[in-house]
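Colleague: File structure_31.pdb follows (PDB, C-alpha atoms):
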ATOM      1  CA  MET A   1      23.585 -42.035 -18.738
ATOM      2  CA  LYS A   2      22.172 -43.475 -21.977
ATOM      3  CA  PHE A   3      22.084 -46.890 -20.359
ATOM      4  CA  LEU A   4      20.169 -45.484 -17.392
ATOM      5  CA  LEU A   5      17.705 -43.757 -19.723
ATOM      6  CA  ALA A   6      17.129 -46.944 -21.731
ATOM      7  CA  ARG A   7      16.750 -48.988 -18.556
ATOM      8  CA  GLN A   8      14.214 -46.551 -17.099
ATOM      9  CA  ALA A   9      12.229 -46.515 -20.357
ATOM     10  CA  ALA A  10      12.288 -50.321 -20.479
ATOM     11  CA  VAL A  11      10.989 -50.552 -16.899
ATOM     12  CA  VAL A  12       8.092 -48.141 -17.612
ATOM     13  CA  ALA A  13       7.283 -49.953 -20.869
ATOM     14  CA  ALA A  14       7.322 -53.321 -19.108
ATOM     15  CA  LEU A  15       5.141 -52.081 -16.244
ATOM     16  CA  ALA A  16       2.491 -50.928 -18.721
ATOM     17  CA  LEU A  17       2.262 -54.470 -20.071
ATOM     18  CA  LEU A  18       0.661 -55.725 -16.856
ATOM     19  CA  PRO A  19      -2.607 -53.712 -16.848
ATOM     20  CA  ALA A  20      -2.756 -53.966 -20.659
ATOM     21  CA  ALA A  21      -2.626 -57.766 -20.430
ATOM     22  CA  GLY A  22      -5.346 -57.677 -17.760
ATOM     23  CA  GLU A  23      -7.560 -55.539 -19.987
ATOM     24  CA  ALA A  24      -6.914 -57.820 -22.973
ATOM     25  CA  ILE A  25      -8.008 -60.828 -20.913
ATOM     26  CA  TYR A  26     -11.125 -58.964 -19.733
ATOM     27  CA  PHE A  27     -12.111 -58.085 -23.323
ATOM     28  CA  ARG A  28     -11.051 -61.412 -24.850
ATOM     29  CA  ASP A  29     -14.579 -62.239 -26.102
ATOM     30  CA  LYS A  30     -15.533 -58.689 -27.082
ATOM     31  CA  ILE A  31     -12.911 -57.836 -29.692
ATOM     32  CA  SER A  32     -11.714 -59.731 -32.723
ATOM     33  CA  TRP A  33      -7.948 -60.007 -33.230
ATOM     34  CA  ARG A  34      -8.480 -61.117 -36.843
ATOM     35  CA  SER A  35     -10.723 -58.466 -38.334
ATOM     36  CA  ALA A  36     -11.666 -54.882 -37.548
ATOM     37  CA  ILE A  37     -15.321 -55.803 -37.778
ATOM     38  CA  ALA A  38     -16.676 -58.785 -35.891
ATOM     39  CA  PRO A  39     -17.947 -61.415 -38.379
ATOM     40  CA  SER A  40     -21.415 -61.152 -36.851
ATOM     41  CA  GLU A  41     -21.538 -57.467 -37.870
ATOM     42  CA  MET A  42     -20.672 -58.061 -41.540
ATOM     43  CA  VAL A  43     -22.868 -59.130 -44.397
ATOM     44  CA  THR A  44     -22.035 -60.240 -47.944
ATOM     45  CA  VAL A  45     -23.718 -58.764 -51.012
ATOM     46  CA  GLU A  46     -25.546 -62.068 -51.688
ATOM     47  CA  HIS A  47     -26.823 -62.341 -48.143
ATOM     48  CA  ALA A  48     -27.870 -58.672 -48.068
ATOM     49  CA  ARG A  49     -29.852 -59.091 -51.294
ATOM     50  CA  GLU A  50     -31.815 -61.951 -49.732
ATOM     51  CA  TRP A  51     -33.096 -59.558 -47.078
ATOM     52  CA  GLY A  52     -34.936 -57.582 -49.789
ATOM     53  CA  ASP A  53     -37.322 -54.947 -48.439
ATOM     54  CA  THR A  54     -36.635 -55.832 -44.826
ATOM     55  CA  ALA A  55     -33.310 -53.988 -45.079
ATOM     56  CA  ILE A  56     -32.383 -50.331 -45.503
ATOM     57  CA  TRP A  57     -29.206 -49.513 -47.422
ATOM     58  CA  VAL A  58     -27.092 -46.712 -46.016
ATOM     59  CA  ASP A  59     -24.411 -45.041 -48.135
ATOM     60  CA  ALA A  60     -21.607 -43.758 -45.889
ATOM     61  CA  ARG A  61     -19.552 -42.266 -48.740
ATOM     62  CA  PRO A  62     -19.168 -38.501 -49.297
ATOM     63  CA  ASP A  63     -22.043 -36.616 -50.973
ATOM     64  CA  ASP A  64     -20.383 -36.355 -54.405
ATOM     65  CA  GLU A  65     -19.802 -40.115 -54.618
ATOM     66  CA  PHE A  66     -23.390 -40.782 -53.537
ATOM     67  CA  ALA A  67     -24.674 -38.320 -56.136
ATOM     68  CA  ASN A  68     -22.578 -40.037 -58.807
ATOM     69  CA  ASP A  69     -24.096 -43.470 -58.201
ATOM     70  CA  HIS A  70     -25.367 -45.610 -55.335
ATOM     71  CA  VAL A  71     -27.252 -48.780 -54.460
ATOM     72  CA  PRO A  72     -30.885 -48.304 -55.584
ATOM     73  CA  GLY A  73     -32.988 -47.039 -52.677
ATOM     74  CA  ALA A  74     -29.946 -46.294 -50.520
ATOM     75  CA  ILE A  75     -30.021 -43.350 -48.139
ATOM     76  CA  SER A  76     -27.009 -41.092 -47.766
ATOM     77  CA  LEU A  77     -25.669 -40.885 -44.213
ATOM     78  CA  ASN A  78     -22.082 -39.746 -43.922
ATOM     79  CA  GLU A  79     -20.084 -38.295 -41.055
ATOM     80  CA  ASP A  80     -19.545 -34.927 -42.761
ATOM     81  CA  ARG A  81     -23.265 -34.104 -42.510
ATOM     82  CA  TRP A  82     -24.230 -36.520 -39.732
ATOM     83  CA  ASN A  83     -26.506 -34.161 -37.787
ATOM     84  CA  GLU A  84     -28.342 -33.110 -40.926
ATOM     85  CA  LEU A  85     -28.730 -36.567 -42.500
ATOM     86  CA  LEU A  86     -29.494 -38.674 -39.419
ATOM     87  CA  PRO A  87     -33.081 -37.315 -38.995
ATOM     88  CA  GLN A  88     -33.762 -38.054 -42.688
ATOM     89  CA  PHE A  89     -32.550 -41.605 -42.173
ATOM     90  CA  LEU A  90     -34.574 -42.079 -38.971
ATOM     91  CA  ALA A  91     -37.714 -40.923 -40.818
ATOM     92  CA  VAL A  92     -37.316 -43.869 -43.193
ATOM     93  CA  TRP A  93     -36.186 -46.427 -40.625
ATOM     94  CA  ALA A  94     -38.734 -48.692 -38.942
ATOM     95  CA  PRO A  95     -38.267 -51.081 -36.023
ATOM     96  CA  GLY A  96     -37.292 -54.571 -37.134
ATOM     97  CA  LYS A  97     -35.585 -53.383 -40.305
ATOM     98  CA  LYS A  98     -32.010 -54.404 -40.877
ATOM     99  CA  ILE A  99     -29.508 -51.681 -41.755
ATOM    100  CA  ILE A 100     -26.732 -52.333 -44.280
ATOM    101  CA  VAL A 101     -23.997 -49.676 -44.302
ATOM    102  CA  TYR A 102     -21.466 -49.480 -47.097
ATOM    103  CA  CYS A 103     -18.573 -47.263 -48.176
ATOM    104  CA  SER A 104     -16.377 -47.405 -51.254
ATOM    105  CA  SER A 105     -14.303 -50.552 -50.786
ATOM    106  CA  LEU A 106     -12.958 -53.184 -48.433
ATOM    107  CA  SER A 107     -10.345 -50.815 -47.028
ATOM    108  CA  CYS A 108     -12.566 -47.813 -46.261
ATOM    109  CA  ASN A 109     -13.534 -46.986 -42.696
ATOM    110  CA  ALA A 110     -16.587 -44.788 -43.192
ATOM    111  CA  SER A 111     -19.092 -47.672 -43.119
ATOM    112  CA  ARG A 112     -17.572 -49.068 -39.932
ATOM    113  CA  GLU A 113     -17.709 -45.660 -38.268
ATOM    114  CA  VAL A 114     -21.280 -44.900 -39.400
ATOM    115  CA  ALA A 115     -22.388 -48.371 -38.247
ATOM    116  CA  ARG A 116     -20.744 -47.778 -34.877
ATOM    117  CA  ARG A 117     -22.468 -44.413 -34.459
ATOM    118  CA  LEU A 118     -25.841 -45.832 -35.472
ATOM    119  CA  ARG A 119     -25.480 -48.502 -32.787
ATOM    120  CA  LYS A 120     -24.144 -46.203 -30.118
ATOM    121  CA  GLU A 121     -25.662 -42.772 -30.727
ATOM    122  CA  ALA A 122     -28.952 -43.737 -32.390
ATOM    123  CA  GLN A 123     -29.239 -46.897 -30.226
ATOM    124  CA  LEU A 124     -30.154 -49.036 -33.249
ATOM    125  CA  SER A 125     -29.593 -52.767 -33.467
ATOM    126  CA  ASP A 126     -29.278 -55.008 -36.548
ATOM    127  CA  VAL A 127     -26.683 -52.730 -38.131
ATOM    128  CA  PHE A 128     -24.379 -54.514 -40.600
ATOM    129  CA  VAL A 129     -21.397 -53.471 -42.699
ATOM    130  CA  LEU A 130     -21.368 -54.599 -46.335
ATOM    131  CA  GLU A 131     -18.310 -56.740 -47.008
ATOM    132  CA  GLY A 132     -16.287 -55.170 -49.828
ATOM    133  CA  GLY A 133     -18.488 -52.056 -49.906
ATOM    134  CA  TRP A 134     -19.672 -50.342 -53.092
ATOM    135  CA  GLU A 135     -16.984 -52.057 -55.192
ATOM    136  CA  ALA A 136     -18.247 -55.513 -54.162
ATOM    137  CA  TRP A 137     -21.845 -54.477 -54.866
ATOM    138  CA  LEU A 138     -20.869 -53.206 -58.333
ATOM    139  CA  LYS A 139     -19.060 -56.470 -59.164
ATOM    140  CA  LYS A 140     -22.099 -58.575 -58.249
ATOM    141  CA  ASN A 141     -24.523 -56.334 -60.125
ATOM    142  CA  ARG A 142     -22.745 -55.771 -63.418
TER
ATOM    143  CA  MET B   1      42.030  -1.578  10.952
ATOM    144  CA  ASN B   2      40.789  -4.204  13.288
ATOM    145  CA  GLU B   3      37.785  -2.109  14.152
ATOM    146  CA  THR B   4      36.913  -1.585  10.496
ATOM    147  CA  SER B   5      37.321  -5.229   9.872
ATOM    148  CA  ASN B   6      35.065  -6.061  12.820
ATOM    149  CA  VAL B   7      32.433  -3.627  11.607
ATOM    150  CA  GLN B   8      32.478  -5.072   8.093
ATOM    151  CA  ARG B   9      32.047  -8.679   9.116
ATOM    152  CA  PRO B  10      28.349  -8.471  10.048
ATOM    153  CA  THR B  11      27.636  -6.551   6.812
ATOM    154  CA  LEU B  12      29.233  -9.333   4.791
ATOM    155  CA  ASN B  13      27.163 -11.882   6.681
ATOM    156  CA  VAL B  14      23.989  -9.936   5.996
ATOM    157  CA  GLU B  15      24.877  -9.671   2.292
ATOM    158  CA  SER B  16      25.715 -13.328   2.096
ATOM    159  CA  SER B  17      22.531 -14.311   3.933
ATOM    160  CA  ALA B  18      20.490 -12.020   1.642
ATOM    161  CA  SER B  19      22.059 -13.611  -1.395
ATOM    162  CA  VAL B  20      21.301 -17.088   0.002
ATOM    163  CA  THR B  21      17.678 -16.039   0.632
ATOM    164  CA  THR B  22      17.345 -14.631  -2.920
ATOM    165  CA  SER B  23      18.837 -17.808  -4.336
ATOM    166  CA  THR B  24      16.464 -19.941  -2.220
ATOM    167  CA  ILE B  25      13.446 -17.944  -3.441
ATOM    168  CA  LYS B  26      14.680 -18.307  -7.032
ATOM    169  CA  ASN B  27      15.110 -22.054  -6.533
ATOM    170  CA  GLN B  28      11.650 -22.324  -5.004
ATOM    171  CA  LYS B  29      10.097 -20.385  -7.884
ATOM    172  CA  SER B  30      11.975 -22.537 -10.369
ATOM    173  CA  TYR B  31      10.876 -25.703  -8.521
ATOM    174  CA  ILE B  32       7.228 -24.585  -8.580
ATOM    175  CA  PHE B  33       7.473 -23.817 -12.302
ATOM    176  CA  TRP B  34       8.895 -27.257 -13.128
ATOM    177  CA  ARG B  35       6.360 -29.015 -10.926
ATOM    178  CA  ILE B  36       3.459 -27.141 -12.574
ATOM    179  CA  LEU B  37       4.774 -28.126 -15.996
ATOM    180  CA  ASP B  38       5.186 -31.736 -14.822
ATOM    181  CA  PHE B  39       1.598 -31.790 -13.576
ATOM    182  CA  VAL B  40       0.120 -30.089 -16.648
ATOM    183  CA  LEU B  41       1.752 -32.554 -19.041
ATOM    184  CA  ALA B  42       0.991 -35.484 -16.755
ATOM    185  CA  GLY B  43      -2.651 -34.332 -16.638
ATOM    186  CA  ILE B  44      -2.832 -34.245 -20.437
ATOM    187  CA  PHE B  45      -1.458 -37.781 -20.746
ATOM    188  CA  ILE B  46      -3.601 -39.149 -17.901
ATOM    189  CA  PHE B  47      -6.680 -37.683 -19.595
ATOM    190  CA  ALA B  48      -5.543 -39.091 -22.950
ATOM    191  CA  GLY B  49      -5.062 -42.548 -21.432
ATOM    192  CA  LEU B  50      -8.281 -42.547 -19.409
ATOM    193  CA  SER B  51     -10.377 -41.341 -22.338
ATOM    194  CA  LYS B  52      -9.370 -44.522 -24.187
ATOM    195  CA  ILE B  53      -9.923 -46.878 -21.252
ATOM    196  CA  LEU B  54     -13.135 -45.372 -19.852
ATOM    197  CA  ASP B  55     -16.263 -44.227 -21.631
ATOM    198  CA  LEU B  56     -16.055 -40.504 -20.823
ATOM    199  CA  ASP B  57     -18.313 -39.221 -23.631
ATOM    200  CA  ARG B  58     -21.288 -38.282 -21.438
ATOM    201  CA  LEU B  59     -19.090 -36.875 -18.696
ATOM    202  CA  ILE B  60     -17.220 -34.642 -21.149
ATOM    203  CA  ALA B  61     -20.468 -33.538 -22.817
ATOM    204  CA  ASP B  62     -21.973 -32.609 -19.440
ATOM    205  CA  LEU B  63     -18.834 -30.756 -18.365
ATOM    206  CA  GLN B  64     -18.811 -28.841 -21.649
ATOM    207  CA  GLN B  65     -22.400 -27.754 -20.960
ATOM    208  CA  LEU B  66     -21.469 -26.942 -17.331
ATOM    209  CA  GLN B  67     -24.005 -29.471 -16.027
ATOM    210  CA  PHE B  68     -22.061 -30.470 -12.938
ATOM    211  CA  ALA B  69     -24.847 -32.442 -11.250
ATOM    212  CA  SER B  70     -25.202 -34.669 -14.326
ATOM    213  CA  ALA B  71     -21.415 -34.920 -14.519
ATOM    214  CA  LEU B  72     -21.313 -36.273 -10.958
ATOM    215  CA  ALA B  73     -23.944 -38.847 -11.861
ATOM    216  CA  ASP B  74     -21.877 -39.783 -14.947
ATOM    217  CA  LEU B  75     -18.817 -40.236 -12.730
ATOM    218  CA  ARG B  76     -20.719 -42.769 -10.628
ATOM    219  CA  ASN B  77     -21.829 -44.667 -13.736
ATOM    220  CA  LEU B  78     -18.505 -44.763 -15.568
ATOM    221  CA  SER B  79     -17.943 -47.862 -17.665
ATOM    222  CA  LEU B  80     -15.026 -49.261 -19.637
ATOM    223  CA  ALA B  81     -14.699 -48.049 -23.235
ATOM    224  CA  SER B  82     -14.517 -50.583 -26.008
ATOM    225  CA  PRO B  83     -10.863 -51.016 -27.060
ATOM    226  CA  ALA B  84     -12.206 -51.778 -30.558
ATOM    227  CA  GLU B  85     -12.825 -48.061 -31.070
ATOM    228  CA  PHE B  86      -9.254 -47.030 -30.347
ATOM    229  CA  ALA B  87      -8.010 -50.034 -32.339
ATOM    230  CA  SER B  88     -10.081 -48.739 -35.281
ATOM    231  CA  GLY B  89      -8.492 -45.323 -34.804
ATOM    232  CA  ILE B  90      -5.015 -46.854 -35.028
ATOM    233  CA  ASP B  91      -6.073 -49.043 -37.950
ATOM    234  CA  ASN B  92      -7.249 -45.930 -39.831
ATOM    235  CA  PHE B  93      -3.604 -44.876 -40.221
ATOM    236  CA  LYS B  94      -3.045 -48.043 -42.337
ATOM    237  CA  ILE B  95       0.463 -48.470 -40.944
ATOM    238  CA  VAL B  96       0.158 -51.626 -38.863
ATOM    239  CA  PRO B  97      -2.039 -54.700 -39.385
ATOM    240  CA  TRP B  98      -5.235 -55.110 -37.367
ATOM    241  CA  PRO B  99      -3.846 -57.505 -34.681
ATOM    242  CA  ILE B 100      -1.086 -54.988 -33.891
ATOM    243  CA  SER B 101      -3.697 -52.199 -33.749
ATOM    244  CA  VAL B 102      -5.617 -54.229 -31.176
ATOM    245  CA  ALA B 103      -2.475 -54.881 -29.117
ATOM    246  CA  LEU B 104      -1.578 -51.174 -29.228
ATOM    247  CA  ALA B 105      -5.143 -50.252 -28.259
ATOM    248  CA  PHE B 106      -4.728 -52.269 -25.075
ATOM    249  CA  TYR B 107      -1.169 -51.144 -24.392
ATOM    250  CA  LEU B 108      -0.801 -47.443 -25.293
ATOM    251  CA  PRO B 109      -3.381 -45.976 -22.860
ATOM    252  CA  TRP B 110      -1.701 -47.696 -19.903
ATOM    253  CA  LEU B 111       1.716 -46.620 -21.138
ATOM    254  CA  GLU B 112       0.507 -43.005 -21.292
ATOM    255  CA  ILE B 113      -0.903 -43.198 -17.770
ATOM    256  CA  LEU B 114       2.201 -44.842 -16.280
ATOM    257  CA  CYS B 115       4.508 -42.324 -17.960
ATOM    258  CA  ALA B 116       2.328 -39.498 -16.635
ATOM    259  CA  LEU B 117       2.494 -40.923 -13.112
ATOM    260  CA  ALA B 118       6.279 -41.155 -13.490
ATOM    261  CA  LEU B 119       6.310 -37.406 -14.246
ATOM    262  CA  VAL B 120       4.162 -36.676 -11.192
ATOM    263  CA  PHE B 121       6.215 -38.780  -8.763
ATOM    264  CA  ARG B 122       9.552 -38.125 -10.496
ATOM    265  CA  PHE B 123      10.253 -41.828 -10.494
ATOM    266  CA  LEU B 124      11.815 -43.281 -13.683
ATOM    267  CA  TYR B 125      11.399 -39.684 -14.852
ATOM    268  CA  ARG B 126      13.766 -39.560 -17.816
ATOM    269  CA  GLY B 127      12.620 -42.943 -19.090
ATOM    270  CA  ALA B 128       9.016 -41.765 -19.055
ATOM    271  CA  LEU B 129       9.982 -38.495 -20.765
ATOM    272  CA  ALA B 130      11.821 -40.453 -23.468
ATOM    273  CA  ILE B 131       8.795 -42.678 -24.127
ATOM    274  CA  LEU B 132       6.334 -39.764 -24.228
ATOM    275  CA  SER B 133       8.562 -37.684 -26.505
ATOM    276  CA  ALA B 134       9.141 -40.623 -28.861
ATOM    277  CA  SER B 135       5.430 -41.487 -28.971
ATOM    278  CA  ILE B 136       4.432 -37.888 -29.751
ATOM    279  CA  VAL B 137       7.024 -37.701 -32.545
ATOM    280  CA  VAL B 138       5.865 -41.041 -34.014
ATOM    281  CA  PHE B 139       2.209 -40.013 -33.775
ATOM    282  CA  THR B 140       2.894 -36.637 -35.418
ATOM    283  CA  LEU B 141       4.791 -38.296 -38.280
ATOM    284  CA  ALA B 142       2.000 -40.874 -38.681
ATOM    285  CA  THR B 143      -0.599 -38.064 -38.798
ATOM    286  CA  ILE B 144       1.382 -36.205 -41.478
ATOM    287  CA  ALA B 145       1.905 -39.435 -43.459
ATOM    288  CA  ALA B 146      -1.829 -40.195 -43.272
ATOM    289  CA  LYS B 147      -2.648 -36.695 -44.528
ATOM    290  CA  VAL B 148      -0.157 -37.013 -47.399
ATOM    291  CA  ARG B 149      -1.671 -40.387 -48.343
ATOM    292  CA  GLY B 150      -5.139 -38.821 -48.341
ATOM    293  CA  LEU B 151      -6.441 -40.972 -45.487
ATOM    294  CA  ASP B 152      -9.387 -39.614 -43.563
ATOM    295  CA  ILE B 153      -8.196 -40.349 -40.058
ATOM    296  CA  THR B 154     -10.280 -39.919 -36.942
ATOM    297  CA  CYS B 155      -7.935 -39.160 -34.088
ATOM    298  CA  GLY B 156      -8.524 -41.231 -30.991
ATOM    299  CA  CYS B 157      -5.823 -39.444 -29.066
ATOM    300  CA  PHE B 158      -8.249 -37.912 -26.558
ATOM    301  CA  GLY B 159     -11.134 -40.305 -27.120
ATOM    302  CA  HIS B 160     -14.241 -38.884 -28.742
ATOM    303  CA  ALA B 161     -13.343 -35.386 -27.566
ATOM    304  CA  SER B 162     -10.773 -35.177 -30.359
ATOM    305  CA  GLN B 163     -12.587 -37.215 -32.982
ATOM    306  CA  HIS B 164     -13.529 -34.303 -35.207
ATOM    307  CA  TRP B 165     -10.398 -32.235 -34.834
ATOM    308  CA  SER B 166      -8.948 -30.848 -38.025
ATOM    309  CA  PHE B 167      -5.473 -31.740 -39.249
ATOM    310  CA  PRO B 168      -3.969 -28.376 -38.165
ATOM    311  CA  ALA B 169      -5.572 -28.834 -34.716
ATOM    312  CA  HIS B 170      -3.917 -32.283 -34.441
ATOM    313  CA  LEU B 171      -0.556 -30.869 -35.423
ATOM    314  CA  ALA B 172      -0.796 -27.824 -33.168
ATOM    315  CA  THR B 173      -1.725 -29.980 -30.161
ATOM    316  CA  ASN B 174       1.103 -32.426 -30.821
ATOM    317  CA  LEU B 175       3.654 -29.661 -31.275
ATOM    318  CA  ALA B 176       2.518 -27.900 -28.099
ATOM    319  CA  ILE B 177       2.846 -31.135 -26.096
ATOM    320  CA  LEU B 178       6.208 -31.908 -27.687
ATOM    321  CA  THR B 179       7.437 -28.411 -26.802
ATOM    322  CA  GLY B 180       6.389 -28.979 -23.200
ATOM    323  CA  LEU B 181       8.242 -32.307 -23.112
ATOM    324  CA  VAL B 182      11.388 -30.742 -24.584
ATOM    325  CA  VAL B 183      11.256 -28.033 -21.909
ATOM    326  CA  LEU B 184      11.004 -30.769 -19.261
ATOM    327  CA  TRP B 185      14.120 -32.412 -20.765
ATOM    328  CA  PHE B 186      16.023 -29.163 -20.264
ATOM    329  CA  GLY B 187      14.702 -28.920 -16.715
ATOM    330  CA  ALA B 188      15.791 -32.467 -15.909
ATOM    331  CA  ALA B 189      19.240 -31.808 -17.392
ATOM    332  CA  ALA B 190      19.623 -28.589 -15.356
ATOM    333  CA  ARG B 191      18.640 -30.403 -12.158
ATOM    334  CA  GLU B 192      21.218 -33.087 -12.848
ATOM    335  CA  ARG B 193      23.928 -30.502 -13.454
ATOM    336  CA  ARG B 194      23.079 -28.838 -10.135
ATOM    337  CA  ALA B 195      23.119 -32.191  -8.339
ATOM    338  CA  ASP B 196      26.592 -32.948  -9.782
TER
END
Could you write out this file's structure as structure tokens?
Modeller:
Amino acid sequence: MKFLLARQAAVVAALALLPAAGEAIYFRDKISWRSAIAPSEMVTVEHAREWGDTAIWVDARPDDEFANDHVPGAISLNEDRWNELLPQFLAVWAPGKKIIVYCSSLSCNASREVARRLRKEAQLSDVFVLEGGWEAWLKKNR
Amino acid sequence: MNETSNVQRPTLNVESSASVTTSTIKNQKSYIFWRILDFVLAGIFIFAGLSKILDLDRLIADLQQLQFASALADLRNLSLASPAEFASGIDNFKIVPWPISVALAFYLPWLEILCALALVFRFLYRGALAILSASIVVFTLATIAAKVRGLDITCGCFGHASQHWSFPAHLATNLAILTGLVVLWFGAAARERRAD
């Protein structure tokens, strides 16, 4: 009985590999297997600084962390108050401006998620995630 | 004596036939119950799988607002969802490295759909039940572990529909599905006993 159960589970698991492999081949150029963010969507602190006034900084961290300290001129736009903060951000944004989103560190996900929503929901292009986040910015500006 | 015996025979037959009919009705009711449960759980897993493979955001939004004409138009314009989003959802748990998250993002939705179809067609039934039960248990434990570690996870279990669910909502949904699967296990075991 246990053998039958294991064999049935193995067959189902193996069958699922086929369409999954097909999908992986279809998306082979659209997803990076090395990093969660495609290299073209990331920007280093040095590179971001070179953009100067042509870029808008977006702080994706929670309100209290933003209130504590943030990149000068940055606008707060986090997922907790997305509907409230997005109009404030759009009022500042202008076509052609690059958007640099950051969260607390290399391992945080908020910047990635805010960048994704800006691209998808607000239909904005030129949205980048700051490599290393706030921690990296602090290190380069101490 | 013979007369009495002859008179009683048809009565016994009627009783026995009535008992067979009652038992058949009971079996039919029981069969309908198990099939409904099979289909409900299969529906949940098919929706969960499809919401990761297809971009259903607009369709769901229109259905929530009861805009059926727009929903039909959305159905015609369905496109594939980016697996990067579900991979990010898995990566948020910080349990497996990114390449494994990507592989799981391609694999898990199809596994959910195939297991659901196995429930519908009762083919490889117990194997599919075992996989679904194990995956729900693993996902529930991963959700609890993420909460304990203070990770802010966005659940991709039902695509964007479940993205802003609270932790208790995650747990309640998982436990409800797991309960349904356990009930199906009992049903499958009872059917096997009857077949033996």
Colleague: Which residues of chain A are close to chain B, meaning at most 9 Å apart when you count only C-alpha atoms, and how do they look as a VMD selection string?
Modeller: chain A and resid 4 to 21 23 to 24 27 30 to 37 108 to 110 112 to 113 116
Colleague: Starting from the shown file, work through the PyMOL selection byres ((chain A and resi 54) around 9) and note down what comes out as JSON, numbers by chain.
Modeller: {"A": [51, 52, 53, 55, 56, 96, 97, 98, 99]}
Colleague: Taking 4 positions as the minimum chain separation for residues in the same chain, which residues sit within 9 Å of Thr143 (chain B) when counting only C-alpha atoms? Answer as a list in words.
Modeller: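 So the residues in contact are Phe93, Val138, Phe139, Lys147, Val148, Ile153, Cys155, Phe167, His170 and Leu171 of chain B.
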Colleague: Compile the contact shell of Asn78 (chain A) as a ChimeraX atom specification: residues with an atom at most 8 Å away, counting all atoms listed in the file, same-chain residues fewer than 2 positions apart removed.
Modeller: /A:59-63,76,80-82,85,110,114
Colleague: In Å, how far is it from CA of Arg122 (chain B) to CA of Glu192 (chain B)?
Modeller: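 Between these atoms lies a distance of 12.9 Å.
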Colleague: Check the smallest atom-to-atom distance from each of A:Ala67, A:Leu86, A:Ala122, A:Val45 to Trp134 (chain A) using only C-alpha atoms, then report the winner.
Modeller: A:Val45
Colleague: Provide the CA of Leu78 (chain B) to CA of Lys52 (chain B) distance in Å, to one decimal place.
Modeller: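 These two atoms are separated by 12.6 Å.
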Colleague: Carefully work through the PyMOL selection byres ((chain B and resi 173) around 12) for this structure and note down the residues it includes, as a count of residues only.
Modeller: 26
Colleague: Quick one: apply the PyMOL selection byres ((chain B and resi 60-63) around 12) to the file and drop the selected residues here as an MDAnalysis selection string.
Modeller: chainID B and resid 47 51 54:59 64:75 78 158:162
Colleague: Please produce an output containing C-alpha atoms for each residue in the selection, written as a CSV table (one decimal), keeping the file's coordinate frame.
Modeller:
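What follows is the written file out.csv:
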chain,number,residue,atom,x,y,z
B,47,PHE,CA,-6.7,-37.7,-19.6
B,51,SER,CA,-10.4,-41.3,-22.3
B,54,LEU,CA,-13.1,-45.4,-19.9
B,55,ASP,CA,-16.3,-44.2,-21.6
B,56,LEU,CA,-16.1,-40.5,-20.8
B,57,ASP,CA,-18.3,-39.2,-23.6
B,58,ARG,CA,-21.3,-38.3,-21.4
B,59,LEU,CA,-19.1,-36.9,-18.7
B,64,GLN,CA,-18.8,-28.8,-21.6
B,65,GLN,CA,-22.4,-27.8,-21.0
B,66,LEU,CA,-21.5,-26.9,-17.3
B,67,GLN,CA,-24.0,-29.5,-16.0
B,68,PHE,CA,-22.1,-30.5,-12.9
B,69,ALA,CA,-24.8,-32.4,-11.2
B,70,SER,CA,-25.2,-34.7,-14.3
B,71,ALA,CA,-21.4,-34.9,-14.5
B,72,LEU,CA,-21.3,-36.3,-11.0
B,73,ALA,CA,-23.9,-38.8,-11.9
B,74,ASP,CA,-21.9,-39.8,-14.9
B,75,LEU,CA,-18.8,-40.2,-12.7
B,78,LEU,CA,-18.5,-44.8,-15.6
B,158,PHE,CA,-8.2,-37.9,-26.6
B,159,GLY,CA,-11.1,-40.3,-27.1
B,160,HIS,CA,-14.2,-38.9,-28.7
B,161,ALA,CA,-13.3,-35.4,-27.6
B,162,SER,CA,-10.8,-35.2,-30.4
Colleague: If we count all atoms listed in the file, what is near Asn83 (chain A) at a cut-off of 12 Å, once residues fewer than 6 positions away on the same chain are taken out, given as number ranges by chain?
Modeller: A: 77, 89-90, 117-118, 121-122
Colleague: Measure the distance from CA of Asp64 (chain A) to CA of Glu135 (chain A) in Å and round it to one decimal.
Modeller: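 Computing the Euclidean distance for CA of Asp64 (chain A) and CA of Glu135 (chain A) yields 16.1 Å.
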Colleague: Which residues are near Phe39 (chain B)? Cut-off 9 Å, all atoms listed in the file, ignore same chain within fewer than 5 positions. Put them as a PDB file with C-alpha atoms, keeping the file's coordinate frame.
Modeller:
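Just written: result03.pdb:
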ATOM      1  CA  TRP B  34       8.895 -27.257 -13.128  1.00  0.00           C
ATOM      2  CA  ILE B  44      -2.832 -34.245 -20.437  1.00  0.00           C
ATOM      3  CA  ALA B 116       2.328 -39.498 -16.635  1.00  0.00           C
ATOM      4  CA  LEU B 119       6.310 -37.406 -14.246  1.00  0.00           C
ATOM      5  CA  VAL B 120       4.162 -36.676 -11.192  1.00  0.00           C
TER       6      VAL B 120
END
Colleague: When distances are computed from all atoms listed in the file, which of A:Glu65, A:Asp29, A:Glu79, A:Glu50 shows the smallest separation from Ala115 (chain A)?
Modeller: A:Glu79
